[in-house]
Amino acid sequence: MNEFLSSHRIELVAFLACAGLMTFIFELVRRNAVKEKYSFLWFATGISLMLLTLKRDWLTSLSKLLGIYYPPSALFLVLSLFMILILIHYSIVLTKLLSQNQKLAQKVALLETEINQMRPRESDQPYDDAA
């Protein structure tokens, strides 16, 4: 058992990291801290890294295809690719939200202007001594 752990230490660490990531994302989705549609890339990242960790021959084939001498380095390359995809996805979402926020602020400003124009001015109101 000790020999197995020493020879497959990096695979064990990578598997535990993937399982921890997926558990953490699942918990965030369950608590509504992350919407389901945004968690898809995180789950895809965790599953693909877990598959490459468990299927050492797939990882070896991928590393040979990419010309990487040390197969676990290919694992980090895949992780980097997914992180870039996640960052691009969130940049798109953030840009969309900023645009919507700007349009909303402009509509609120127009509505405030319209309301202010509809209100009678203090100088237009007759002076009432009883008040």
# chains A, B, ... in the order shown; residues from 1 in each chain; ligands from 1
>>> residues_around(residues="segment 83-91 of chain A", least_positions_apart="6", cutoff="9 Å", atoms="only C-alpha atoms", output="list in words")
Tyr38, Leu41, Trp42 and Thr45 of chain A
>>> residues_around(residues="segment 53-64 of chain A", least_positions_apart="4", cutoff="6 Å", atoms="only C-alpha atoms", output="list in words")
Glu11, Ile68, Pro71 and Ala74 of chain A
>>> closest_residue(among="A:Pro72, A:Phe82, A:Gly46, A:Met118", to="Leu16 of chain A", atoms="only C-alpha atoms")
A:Gly46
>>> atom_distance(atom1="atom CA of Leu28 of chain A", atom2="atom CA of Gln100 of chain A")
25.2 Å
>>> closest_residue(among="A:Ile47, A:Ala14, A:His8, A:Gln117", to="Ser73 of chain A", atoms="only C-alpha atoms")
A:Ala14
>>> residues_around(residues="Phe15 of chain A", least_positions_apart="5", cutoff="9 Å", atoms="only C-alpha atoms", output="JSON, numbers by chain")
{"A": [10, 20, 49, 50, 51, 53, 54]}
>>> select_by_dssp(residues="segment 8-128 of chain A", states="alpha helix (DSSP H)", output="CSV table (one decimal) with N, CA and C atoms, in the first residue's frame")
chain,number,residue,atom,x,y,z
A,9,ARG,N,1.5,9.3,-6.1
A,9,ARG,CA,1.2,10.4,-5.2
A,9,ARG,C,0.6,11.6,-6.0
A,10,ILE,N,1.1,11.9,-7.1
A,10,ILE,CA,0.6,13.1,-7.9
A,10,ILE,C,-0.8,12.8,-8.4
A,11,GLU,N,-1.1,11.5,-8.8
A,11,GLU,CA,-2.4,11.2,-9.2
A,11,GLU,C,-3.4,11.3,-8.1
A,12,LEU,N,-3.0,10.9,-6.9
A,12,LEU,CA,-3.9,10.9,-5.7
A,12,LEU,C,-4.2,12.4,-5.3
A,13,VAL,N,-3.1,13.2,-5.3
A,13,VAL,CA,-3.3,14.6,-5.0
A,13,VAL,C,-4.2,15.3,-6.0
A,14,ALA,N,-4.0,15.0,-7.3
A,14,ALA,CA,-4.8,15.6,-8.4
A,14,ALA,C,-6.3,15.1,-8.3
A,15,PHE,N,-6.5,13.9,-8.0
A,15,PHE,CA,-7.8,13.3,-7.8
A,15,PHE,C,-8.5,14.0,-6.7
A,16,LEU,N,-7.9,14.1,-5.5
A,16,LEU,CA,-8.5,14.7,-4.3
A,16,LEU,C,-8.8,16.2,-4.6
A,17,ALA,N,-7.9,16.9,-5.3
A,17,ALA,CA,-8.1,18.3,-5.7
A,17,ALA,C,-9.3,18.4,-6.5
A,18,CYS,N,-9.5,17.5,-7.5
A,18,CYS,CA,-10.7,17.6,-8.4
A,18,CYS,C,-11.9,17.3,-7.7
A,19,ALA,N,-11.9,16.3,-6.8
A,19,ALA,CA,-13.1,15.9,-6.0
A,19,ALA,C,-13.4,17.1,-5.1
A,20,GLY,N,-12.4,17.7,-4.5
A,20,GLY,CA,-12.7,18.8,-3.6
A,20,GLY,C,-13.3,20.0,-4.4
A,21,LEU,N,-12.7,20.3,-5.6
A,21,LEU,CA,-13.3,21.4,-6.4
A,21,LEU,C,-14.7,21.1,-6.7
A,22,MET,N,-15.0,19.9,-7.2
A,22,MET,CA,-16.4,19.6,-7.6
A,22,MET,C,-17.4,19.7,-6.4
A,23,THR,N,-16.9,19.2,-5.2
A,23,THR,CA,-17.7,19.3,-4.0
A,23,THR,C,-18.0,20.7,-3.6
A,24,PHE,N,-16.9,21.5,-3.7
A,24,PHE,CA,-17.1,22.9,-3.4
A,24,PHE,C,-18.0,23.7,-4.3
A,25,ILE,N,-17.9,23.4,-5.6
A,25,ILE,CA,-18.8,24.1,-6.6
A,25,ILE,C,-20.2,23.6,-6.4
A,26,PHE,N,-20.4,22.3,-6.1
A,26,PHE,CA,-21.8,21.8,-5.9
A,26,PHE,C,-22.4,22.4,-4.7
A,27,GLU,N,-21.6,22.6,-3.6
A,27,GLU,CA,-22.1,23.3,-2.4
A,27,GLU,C,-22.5,24.8,-2.7
A,28,LEU,N,-21.7,25.4,-3.5
A,28,LEU,CA,-22.0,26.8,-3.9
A,28,LEU,C,-23.3,26.9,-4.7
A,29,VAL,N,-23.5,26.0,-5.6
A,29,VAL,CA,-24.7,25.9,-6.3
A,29,VAL,C,-25.9,25.6,-5.4
A,30,ARG,N,-25.7,24.7,-4.5
A,30,ARG,CA,-26.8,24.3,-3.6
A,30,ARG,C,-27.2,25.5,-2.7
A,36,GLU,N,-26.5,27.8,-11.6
A,36,GLU,CA,-26.2,26.6,-12.3
A,36,GLU,C,-25.5,26.8,-13.6
A,37,LYS,N,-26.0,27.8,-14.4
A,37,LYS,CA,-25.4,28.0,-15.7
A,37,LYS,C,-23.9,28.4,-15.7
A,38,TYR,N,-23.5,29.0,-14.6
A,38,TYR,CA,-22.1,29.4,-14.4
A,38,TYR,C,-21.3,28.3,-13.9
A,39,SER,N,-21.9,27.3,-13.3
A,39,SER,CA,-21.1,26.2,-12.7
A,39,SER,C,-20.7,25.1,-13.7
A,40,PHE,N,-21.3,25.2,-14.9
A,40,PHE,CA,-21.0,24.2,-15.9
A,40,PHE,C,-19.5,24.1,-16.3
A,41,LEU,N,-18.9,25.2,-16.5
A,41,LEU,CA,-17.5,25.1,-16.8
A,41,LEU,C,-16.6,24.6,-15.7
A,42,TRP,N,-17.0,24.9,-14.5
A,42,TRP,CA,-16.3,24.4,-13.3
A,42,TRP,C,-16.4,22.9,-13.2
A,43,PHE,N,-17.6,22.4,-13.4
A,43,PHE,CA,-17.8,20.9,-13.4
A,43,PHE,C,-17.1,20.3,-14.6
A,44,ALA,N,-17.1,20.9,-15.7
A,44,ALA,CA,-16.4,20.3,-16.9
A,44,ALA,C,-14.9,20.3,-16.6
A,45,THR,N,-14.4,21.3,-15.9
A,45,THR,CA,-13.0,21.3,-15.5
A,45,THR,C,-12.6,20.2,-14.6
A,46,GLY,N,-13.4,20.1,-13.5
A,46,GLY,CA,-13.2,19.0,-12.6
A,46,GLY,C,-13.3,17.6,-13.1
A,47,ILE,N,-14.3,17.4,-14.0
A,47,ILE,CA,-14.5,16.0,-14.6
A,47,ILE,C,-13.4,15.7,-15.5
A,48,SER,N,-13.0,16.7,-16.4
A,48,SER,CA,-11.9,16.4,-17.3
A,48,SER,C,-10.6,16.1,-16.6
A,49,LEU,N,-10.3,16.9,-15.6
A,49,LEU,CA,-9.1,16.7,-14.9
A,49,LEU,C,-9.1,15.4,-14.1
A,50,MET,N,-10.3,15.0,-13.6
A,50,MET,CA,-10.4,13.8,-12.9
A,50,MET,C,-10.2,12.6,-13.8
A,51,LEU,N,-10.8,12.7,-15.0
A,51,LEU,CA,-10.7,11.6,-16.0
A,51,LEU,C,-9.2,11.4,-16.4
A,52,LEU,N,-8.5,12.6,-16.7
A,52,LEU,CA,-7.1,12.5,-17.1
A,52,LEU,C,-6.2,12.0,-15.9
A,53,THR,N,-6.7,12.2,-14.7
A,53,THR,CA,-5.9,11.7,-13.6
A,53,THR,C,-6.1,10.2,-13.4
A,54,LEU,N,-7.4,9.7,-13.6
A,54,LEU,CA,-7.7,8.3,-13.4
A,54,LEU,C,-7.2,7.5,-14.6
A,56,ARG,N,-4.5,7.2,-16.8
A,56,ARG,CA,-3.1,7.6,-17.0
A,56,ARG,C,-2.7,7.5,-18.5
A,57,ASP,N,-3.2,6.5,-19.1
A,57,ASP,CA,-2.9,6.3,-20.5
A,57,ASP,C,-3.4,7.4,-21.4
A,58,TRP,N,-4.6,7.9,-21.1
A,58,TRP,CA,-5.1,9.1,-21.8
A,58,TRP,C,-4.2,10.3,-21.6
A,59,LEU,N,-3.8,10.5,-20.4
A,59,LEU,CA,-2.9,11.6,-20.1
A,59,LEU,C,-1.6,11.5,-20.8
A,60,THR,N,-1.0,10.2,-20.8
A,60,THR,CA,0.2,10.0,-21.6
A,60,THR,C,0.0,10.2,-23.1
A,61,SER,N,-1.1,9.8,-23.6
A,61,SER,CA,-1.3,10.0,-25.1
A,61,SER,C,-1.5,11.5,-25.4
A,62,LEU,N,-2.2,12.2,-24.5
A,62,LEU,CA,-2.3,13.7,-24.7
A,62,LEU,C,-0.9,14.4,-24.6
A,63,SER,N,-0.1,14.0,-23.6
A,63,SER,CA,1.2,14.6,-23.5
A,63,SER,C,2.1,14.3,-24.7
A,64,LYS,N,2.0,13.1,-25.2
A,64,LYS,CA,2.8,12.7,-26.4
A,64,LYS,C,2.3,13.5,-27.6
A,65,LEU,N,1.0,13.7,-27.7
A,65,LEU,CA,0.4,14.4,-28.8
A,65,LEU,C,0.9,15.9,-28.8
A,66,LEU,N,1.0,16.4,-27.6
A,66,LEU,CA,1.3,17.8,-27.4
A,66,LEU,C,2.9,18.0,-27.3
A,71,PRO,N,4.1,13.7,-18.4
A,71,PRO,CA,2.6,13.7,-18.5
A,71,PRO,C,1.8,14.5,-17.5
A,72,PRO,N,2.2,14.6,-16.2
A,72,PRO,CA,1.4,15.4,-15.3
A,72,PRO,C,1.5,16.9,-15.7
A,73,SER,N,2.5,17.3,-16.4
A,73,SER,CA,2.5,18.7,-16.9
A,73,SER,C,1.4,19.0,-17.9
A,74,ALA,N,1.0,18.0,-18.6
A,74,ALA,CA,-0.1,18.1,-19.5
A,74,ALA,C,-1.4,18.4,-18.7
A,75,LEU,N,-1.5,17.8,-17.5
A,75,LEU,CA,-2.7,18.0,-16.7
A,75,LEU,C,-2.8,19.5,-16.3
A,76,PHE,N,-1.7,20.1,-16.0
A,76,PHE,CA,-1.7,21.5,-15.7
A,76,PHE,C,-1.9,22.4,-16.9
A,77,LEU,N,-1.6,21.9,-18.0
A,77,LEU,CA,-1.9,22.6,-19.3
A,77,LEU,C,-3.4,22.6,-19.5
A,78,VAL,N,-4.0,21.4,-19.3
A,78,VAL,CA,-5.5,21.3,-19.5
A,78,VAL,C,-6.2,22.2,-18.4
A,79,LEU,N,-5.7,22.2,-17.2
A,79,LEU,CA,-6.2,23.1,-16.2
A,79,LEU,C,-6.1,24.6,-16.6
A,80,SER,N,-5.0,25.0,-17.1
A,80,SER,CA,-4.8,26.3,-17.6
A,80,SER,C,-5.7,26.7,-18.7
A,81,LEU,N,-6.0,25.8,-19.6
A,81,LEU,CA,-6.9,26.0,-20.7
A,81,LEU,C,-8.3,26.2,-20.1
A,82,PHE,N,-8.7,25.4,-19.2
A,82,PHE,CA,-10.1,25.6,-18.6
A,82,PHE,C,-10.2,26.9,-17.8
A,83,MET,N,-9.1,27.3,-17.2
A,83,MET,CA,-9.1,28.5,-16.4
A,83,MET,C,-9.3,29.7,-17.4
A,84,ILE,N,-8.6,29.6,-18.5
A,84,ILE,CA,-8.7,30.7,-19.5
A,84,ILE,C,-10.1,30.8,-20.0
A,85,LEU,N,-10.7,29.6,-20.3
A,85,LEU,CA,-12.1,29.6,-20.8
A,85,LEU,C,-13.1,30.1,-19.7
A,86,ILE,N,-12.8,29.8,-18.5
A,86,ILE,CA,-13.7,30.4,-17.4
A,86,ILE,C,-13.5,31.9,-17.3
A,87,LEU,N,-12.3,32.4,-17.4
A,87,LEU,CA,-12.1,33.8,-17.3
A,87,LEU,C,-12.7,34.5,-18.5
A,88,ILE,N,-12.7,33.9,-19.7
A,88,ILE,CA,-13.3,34.5,-20.9
A,88,ILE,C,-14.8,34.5,-20.7
A,89,HIS,N,-15.4,33.4,-20.2
A,89,HIS,CA,-16.8,33.4,-19.9
A,89,HIS,C,-17.3,34.4,-19.0
A,90,TYR,N,-16.5,34.6,-17.9
A,90,TYR,CA,-16.9,35.6,-16.9
A,90,TYR,C,-16.7,37.0,-17.4
A,91,SER,N,-15.8,37.2,-18.3
A,91,SER,CA,-15.6,38.5,-18.9
A,91,SER,C,-16.8,38.9,-19.8
A,92,ILE,N,-17.3,37.9,-20.5
A,92,ILE,CA,-18.5,38.1,-21.3
A,92,ILE,C,-19.7,38.4,-20.5
A,93,VAL,N,-19.9,37.7,-19.4
A,93,VAL,CA,-21.0,37.9,-18.5
A,93,VAL,C,-20.9,39.3,-17.8
A,94,LEU,N,-19.7,39.7,-17.4
A,94,LEU,CA,-19.5,40.9,-16.8
A,94,LEU,C,-19.7,42.1,-17.7
A,95,THR,N,-19.3,42.0,-19.0
A,95,THR,CA,-19.5,43.0,-20.0
A,95,THR,C,-21.0,43.2,-20.2
A,96,LYS,N,-21.7,42.1,-20.3
A,96,LYS,CA,-23.2,42.1,-20.5
A,96,LYS,C,-23.9,42.8,-19.3
A,97,LEU,N,-23.4,42.5,-18.1
A,97,LEU,CA,-24.0,43.1,-16.9
A,97,LEU,C,-23.7,44.6,-16.9
A,98,LEU,N,-22.5,45.0,-17.2
A,98,LEU,CA,-22.2,46.4,-17.2
A,98,LEU,C,-23.0,47.2,-18.2
A,99,SER,N,-23.2,46.6,-19.4
A,99,SER,CA,-24.0,47.2,-20.4
A,99,SER,C,-25.5,47.4,-19.9
A,100,GLN,N,-26.0,46.3,-19.3
A,100,GLN,CA,-27.4,46.4,-18.8
A,100,GLN,C,-27.5,47.4,-17.7
A,101,ASN,N,-26.5,47.5,-16.8
A,101,ASN,CA,-26.5,48.5,-15.7
A,101,ASN,C,-26.4,49.9,-16.2
A,102,GLN,N,-25.7,50.1,-17.3
A,102,GLN,CA,-25.6,51.5,-17.9
A,102,GLN,C,-26.9,51.8,-18.5
A,103,LYS,N,-27.6,50.9,-19.2
A,103,LYS,CA,-28.9,51.2,-19.8
A,103,LYS,C,-29.9,51.5,-18.7
A,104,LEU,N,-29.9,50.7,-17.6
A,104,LEU,CA,-30.8,50.9,-16.5
A,104,LEU,C,-30.6,52.3,-15.9
A,105,ALA,N,-29.4,52.7,-15.7
A,105,ALA,CA,-29.1,54.0,-15.1
A,105,ALA,C,-29.6,55.1,-16.0
A,106,GLN,N,-29.4,54.9,-17.3
A,106,GLN,CA,-29.9,56.0,-18.2
A,106,GLN,C,-31.4,56.1,-18.2
A,107,LYS,N,-32.1,54.9,-18.1
A,107,LYS,CA,-33.6,54.9,-18.0
A,107,LYS,C,-34.1,55.6,-16.7
A,108,VAL,N,-33.4,55.3,-15.6
A,108,VAL,CA,-33.8,55.9,-14.3
A,108,VAL,C,-33.6,57.4,-14.4
A,109,ALA,N,-32.5,57.8,-15.0
A,109,ALA,CA,-32.2,59.3,-15.1
A,109,ALA,C,-33.3,59.9,-15.9
A,110,LEU,N,-33.7,59.3,-17.0
A,110,LEU,CA,-34.8,59.9,-17.9
A,110,LEU,C,-36.1,59.9,-17.1
A,111,LEU,N,-36.4,58.9,-16.4
A,111,LEU,CA,-37.6,58.8,-15.6
A,111,LEU,C,-37.6,59.9,-14.5
A,112,GLU,N,-36.5,60.1,-13.8
A,112,GLU,CA,-36.4,61.1,-12.8
A,112,GLU,C,-36.6,62.5,-13.4
A,113,THR,N,-36.0,62.7,-14.6
A,113,THR,CA,-36.2,64.0,-15.3
A,113,THR,C,-37.7,64.2,-15.6
A,114,GLU,N,-38.3,63.2,-16.1
A,114,GLU,CA,-39.7,63.3,-16.5
A,114,GLU,C,-40.6,63.6,-15.3
A,115,ILE,N,-40.3,62.9,-14.2
A,115,ILE,CA,-41.1,63.2,-12.9
A,115,ILE,C,-40.9,64.6,-12.4
A,116,ASN,N,-39.6,65.1,-12.5
A,116,ASN,CA,-39.3,66.4,-12.0
A,116,ASN,C,-40.0,67.5,-12.9
A,117,GLN,N,-40.1,67.2,-14.2
A,117,GLN,CA,-40.8,68.1,-15.1
A,117,GLN,C,-42.3,68.1,-14.9
A,118,MET,N,-42.9,67.0,-14.4
A,118,MET,CA,-44.3,66.9,-14.1
A,118,MET,C,-44.7,67.6,-12.8
